[in-house]
Amino acid sequence: LRFLNAGESHGPALTAIIEGLPSNLRISSEFINRELSRRQSGYGRGGRMKIEKDRVEILSGVRFGYTLGSPVTLMVRNKDWENWTDIMAVEGQPTEKKEITNPRPGHADLPGGIKYGFHDLRNVLERASARETTTRVAVGAVCKQLLEDIGIRIGSYVVSIGEISLRDRIKDIPLEERFEKAESSEVRTPLPELDQEFKELIDRAREEGESLGGVFEVFAVGVPVGLGSHVHWDRRLDGRIAQAMMSIQAMKGVEIGEGFSLAEMYGSQAHDEIFWDKERGFYHRTNRAGGIEGGITNGEPILVRVGMKPIPTLMRRKSLRSVNIKTKQPFDAAKERSDVTAVPAAAVVGEAMLAIVLAQAVLEKFGNDNWIDIKRRIEEYRAYTREF
Ligand code: EPS
């Protein structure tokens, strides 16, 4: 299973082609659209989200609601495109005065411009933009439908935004309950009763022209033992998940399970002891490993924690020093339209990335032609792991 996506932030549309999906898998556009709108929500988004109402169009690979085993093409149109037809035209000449020559600190603008030889930095930012995550979420929604059909459920929630962290306060809430509660929170935290505190923080940041980062967690439950492998570095599932998360725009840190805090423990405190009973087979009572040992799933929930830096686009009143690429004169990097924070949206993108990696790992292990056969094999395998 692999996918490619394409599209510029202010171009006509975003597209993705998924290759390697088995046949006979039920796909619903409504499910995909629900995921797309989850990504668009969250307090702290800017003006662009008022313009877009992301809806998927499935252009190939699905007939009467089921996959054909052929490539699936997904498309989401950019509503904002109609305001950019001149600036983003495929042919003709650019208007000189519309060139972007002020690189933002923390953004792909400058290294991307140097690397690709552009003196109009729009050529970089159009593709570097997190608008691209729209199709990742659409692809992830297809993968989620595959996973849900075999009892693997994925969820996420925000743990902190800026200086406010709920990490210690949510410890005793079970994973799936954290997720359920986050679904009704405007900032996607498991404690919606504290939304007001976060909203005030975000409002303050907006007034000051600031932006805010944060931390979210993504989990998967119902995962069978044995996805990923210890036998080669690029088949280790923890490594693949970390890469997938880190590839999301603005992510700067990834931990699996207890992550960095394991580094401070003795071995006897860190590892999850092994138990067995007739019903469940082997199991653990703790999950500090985050569901992965030796690069292989161990049957416990997969838990990933991801740290996002503040968005590099700052608004008028707060700016960072930078240098114009043409005049070489210093200027203050600031803009008018951006998000104050997108941590709640990033959590939804994290779910999609985890879904994609897990769907890949499932199909690697169980084959990828006909979903009906694959499902049967998975059921047999689950029985085998219980009896092992
Ligand atoms: C983004 C800048 C903003 C965000 C955008 C990501 O867009 P604009 O430049 O059009 O105001 O709203 O996010 C999305 C459009 C989205 O769908 O998430 C950036 O520069 O990364």
# chains A, B, ... in the order shown; residues from 1 in each chain; ligands from 1
>>> residues_around(residues="stretch 193-208 of chain A", least_positions_apart="4", cutoff="9 Å", atoms="only C-alpha atoms", output="PyMOL selection string")
chain A and resi 43-44+161-164+185-189+212+315-318+339-341
>>> write_last_selection(atoms="C-alpha atoms", output="compact mmCIF listing (two decimals), in the first residue's frame")
# COMPACT_ATOMS: atom_id res chain seq x y z
CA TYR A 43 -10.27 26.79 18.07
CA GLY A 44 -7.43 28.97 16.83
CA ILE A 161 -1.18 23.94 23.95
CA GLY A 162 1.52 26.48 24.77
CA GLU A 163 2.14 26.50 28.50
CA ILE A 164 -1.06 24.70 29.53
CA SER A 185 -13.85 19.79 23.02
CA GLU A 186 -13.13 22.86 20.89
CA VAL A 187 -9.41 22.26 21.37
CA ARG A 188 -9.65 18.44 21.28
CA THR A 189 -8.55 17.84 24.87
CA LEU A 212 1.26 28.52 19.73
CA MET A 315 0.71 38.21 12.56
CA ARG A 316 1.42 41.92 12.24
CA ARG A 317 2.04 42.85 15.84
CA LYS A 318 4.66 40.26 16.68
CA ASP A 339 -3.73 30.20 12.20
CA VAL A 340 -2.85 31.04 15.82
CA THR A 341 -2.60 27.35 16.58
>>> select_by_dssp(residues="stretch 15-235 of chain A", states="strand (DSSP E or B)", output="PyMOL selection string")
chain A and resi 15-19+23-26+56-60+62-63+66-68+72-77+153-161+164-165+214-221
>>> write_last_selection(atoms="C-alpha atoms", output="mmCIF file, in the first residue's frame")
data_model
loop_
_atom_site.group_PDB
_atom_site.id
_atom_site.type_symbol
_atom_site.label_atom_id
_atom_site.label_comp_id
_atom_site.auth_asym_id
_atom_site.auth_seq_id
_atom_site.Cartn_x
_atom_site.Cartn_y
_atom_site.Cartn_z
ATOM 1 C CA THR A 15 -5.302 14.954 -5.100
ATOM 2 C CA ALA A 16 -4.021 11.602 -3.879
ATOM 3 C CA ILE A 17 -3.616 8.231 -5.552
ATOM 4 C CA ILE A 18 -3.640 5.169 -3.310
ATOM 5 C CA GLU A 19 -2.140 2.046 -4.845
ATOM 6 C CA SER A 23 -10.538 -5.425 -3.618
ATOM 7 C CA ASN A 24 -13.906 -5.746 -1.855
ATOM 8 C CA LEU A 25 -13.188 -3.219 0.870
ATOM 9 C CA ARG A 26 -16.180 -1.027 1.743
ATOM 10 C CA VAL A 56 -13.789 14.394 -1.211
ATOM 11 C CA GLU A 57 -14.509 13.316 -4.765
ATOM 12 C CA ILE A 58 -13.554 9.712 -5.492
ATOM 13 C CA LEU A 59 -12.419 9.550 -9.114
ATOM 14 C CA SER A 60 -11.325 5.947 -9.486
ATOM 15 C CA VAL A 62 -14.349 2.319 -6.159
ATOM 16 C CA ARG A 63 -17.593 0.960 -7.596
ATOM 17 C CA TYR A 66 -16.409 -1.233 -2.759
ATOM 18 C CA THR A 67 -12.775 -1.080 -3.889
ATOM 19 C CA LEU A 68 -11.806 -2.719 -7.180
ATOM 20 C CA VAL A 72 -8.073 4.896 -5.825
ATOM 21 C CA THR A 73 -7.939 8.582 -6.739
ATOM 22 C CA LEU A 74 -9.183 11.121 -4.220
ATOM 23 C CA MET A 75 -9.665 14.811 -4.939
ATOM 24 C CA VAL A 76 -10.513 17.777 -2.730
ATOM 25 C CA ARG A 77 -11.063 21.120 -4.450
ATOM 26 C CA ARG A 153 -9.566 1.730 16.258
ATOM 27 C CA ILE A 154 -7.531 4.927 16.158
ATOM 28 C CA GLY A 155 -8.016 8.097 18.156
ATOM 29 C CA SER A 156 -6.191 11.198 19.333
ATOM 30 C CA TYR A 157 -6.411 14.055 21.772
ATOM 31 C CA VAL A 158 -4.479 17.194 22.607
ATOM 32 C CA VAL A 159 -2.368 17.091 25.771
ATOM 33 C CA SER A 160 -1.043 20.638 25.782
ATOM 34 C CA ILE A 161 -1.176 23.938 23.946
ATOM 35 C CA ILE A 164 -1.060 24.695 29.532
ATOM 36 C CA SER A 165 -0.525 20.958 29.876
ATOM 37 C CA GLY A 214 1.579 21.960 21.664
ATOM 38 C CA VAL A 215 1.553 18.222 22.162
ATOM 39 C CA PHE A 216 -0.975 15.614 21.047
ATOM 40 C CA GLU A 217 -1.221 11.867 21.467
ATOM 41 C CA VAL A 218 -2.423 9.325 18.927
ATOM 42 C CA PHE A 219 -3.324 5.763 19.815
ATOM 43 C CA ALA A 220 -4.509 2.536 18.202
ATOM 44 C CA VAL A 221 -6.370 -0.193 20.097
#
>>> residues_around(residues="stretch 78-81 of chain A", least_positions_apart="6", cutoff="9 Å", atoms="only C-alpha atoms", output="PyMOL selection string")
chain A and resi 9-14+48+51-54+88
>>> write_last_selection(atoms="C-alpha atoms", output="PDB file, in the first residue's frame")
ATOM      1  CA  SER A   9      -2.278  25.293  -1.146  1.00  0.00           C
ATOM      2  CA  HIS A  10      -3.947  27.864  -3.436  1.00  0.00           C
ATOM      3  CA  GLY A  11      -4.082  25.723  -6.581  1.00  0.00           C
ATOM      4  CA  PRO A  12      -7.321  24.304  -8.026  1.00  0.00           C
ATOM      5  CA  ALA A  13      -7.346  21.038  -6.078  1.00  0.00           C
ATOM      6  CA  LEU A  14      -5.498  18.538  -3.910  1.00  0.00           C
ATOM      7  CA  ARG A  48      -8.760  30.261   5.454  1.00  0.00           C
ATOM      8  CA  ILE A  51     -13.405  29.709   3.129  1.00  0.00           C
ATOM      9  CA  GLU A  52     -12.772  25.977   2.736  1.00  0.00           C
ATOM     10  CA  LYS A  53     -15.330  23.240   3.250  1.00  0.00           C
ATOM     11  CA  ASP A  54     -13.348  20.157   2.307  1.00  0.00           C
ATOM     12  CA  MET A  88      -1.370  30.567  -9.358  1.00  0.00           C
TER      13      MET A  88
END
>>> residues_near_ligand(ligand="ligand 1", cutoff="8 Å", atoms="only C-alpha atoms and all ligand atoms", output="list in words")
Ser9, His10, Arg39, Gln40, Arg45, Gly46, Gly47, Arg48, Met49, Glu52, Asp80, Leu125, Glu126, Ala128, Ser129, Ala130, Arg131, Glu132, Thr133, Thr134, Gln249, Ile311, Thr313, Arg337, Ser338, Asp339 and Ala345 of chain A
>>> closest_residue(among="A:Arg127, A:Leu320, A:Ala182, A:Glu264", to="A:Gly7", atoms="only C-alpha atoms")
A:Arg127
>>> residues_around(residues="A:Lys365", least_positions_apart="3", cutoff="8 Å", atoms="only C-alpha atoms", output="ChimeraX atom specification")
/A:227,361-362
>>> atom_distance(atom1="atom CA of A:Leu314", atom2="atom CA of A:Ala334")
5.2 Å
>>> atom_distance(atom1="atom CA of A:Tyr116", atom2="atom CA of A:Pro310")
25.4 Å
>>> select_by_dssp(residues="stretch 95-271 of chain A", states="alpha helix (DSSP H)", output="number ranges by chain")
A: 109-116, 122-128, 133-148, 175-182, 195-207, 237-246, 267-270
>>> decode(residues="stretch 3-49 of chain A", atoms="C-alpha atoms", output="short mmCIF file (atom, residue, chain, number, x, y, z; two decimals), in the first residue's frame")
data_model
loop_
_atom_site.label_atom_id
_atom_site.label_comp_id
_atom_site.auth_asym_id
_atom_site.auth_seq_id
_atom_site.Cartn_x
_atom_site.Cartn_y
_atom_site.Cartn_z
CA PHE A 3 0.13 6.76 -1.89
CA LEU A 4 1.24 9.89 -3.64
CA ASN A 5 -0.40 13.23 -3.17
CA ALA A 6 -0.20 16.44 -5.16
CA GLY A 7 -1.51 19.97 -5.06
CA GLU A 8 -0.59 23.50 -4.04
CA SER A 9 -2.28 25.29 -1.15
CA HIS A 10 -3.95 27.86 -3.44
CA GLY A 11 -4.08 25.72 -6.58
CA PRO A 12 -7.32 24.30 -8.03
CA ALA A 13 -7.35 21.04 -6.08
CA LEU A 14 -5.50 18.54 -3.91
CA THR A 15 -5.30 14.95 -5.10
CA ALA A 16 -4.02 11.60 -3.88
CA ILE A 17 -3.62 8.23 -5.55
CA ILE A 18 -3.64 5.17 -3.31
CA GLU A 19 -2.14 2.05 -4.84
CA GLY A 20 -2.25 -1.43 -3.32
CA LEU A 21 -5.65 -1.41 -1.63
CA PRO A 22 -7.26 -4.86 -1.77
CA SER A 23 -10.54 -5.43 -3.62
CA ASN A 24 -13.91 -5.75 -1.86
CA LEU A 25 -13.19 -3.22 0.87
CA ARG A 26 -16.18 -1.03 1.74
CA ILE A 27 -15.40 2.68 1.31
CA SER A 28 -17.75 5.50 2.24
CA SER A 29 -17.21 9.09 1.11
CA GLU A 30 -19.30 10.24 4.03
CA PHE A 31 -16.74 8.69 6.39
CA ILE A 32 -13.93 10.49 4.54
CA ASN A 33 -15.83 13.79 4.66
CA ARG A 34 -16.37 13.46 8.38
CA GLU A 35 -12.62 13.06 8.86
CA LEU A 36 -11.94 16.04 6.60
CA SER A 37 -14.19 18.25 8.64
CA ARG A 38 -12.62 17.04 11.90
CA ARG A 39 -9.28 18.26 10.53
CA GLN A 40 -10.77 21.65 9.76
CA SER A 41 -12.09 22.22 13.25
CA GLY A 42 -10.36 23.39 16.40
CA TYR A 43 -10.27 26.79 18.07
CA GLY A 44 -7.43 28.97 16.83
CA ARG A 45 -7.66 28.44 13.08
CA GLY A 46 -7.44 31.48 10.80
CA GLY A 47 -9.55 32.97 8.00
CA ARG A 48 -8.76 30.26 5.45
CA MET A 49 -10.83 27.66 7.29
#
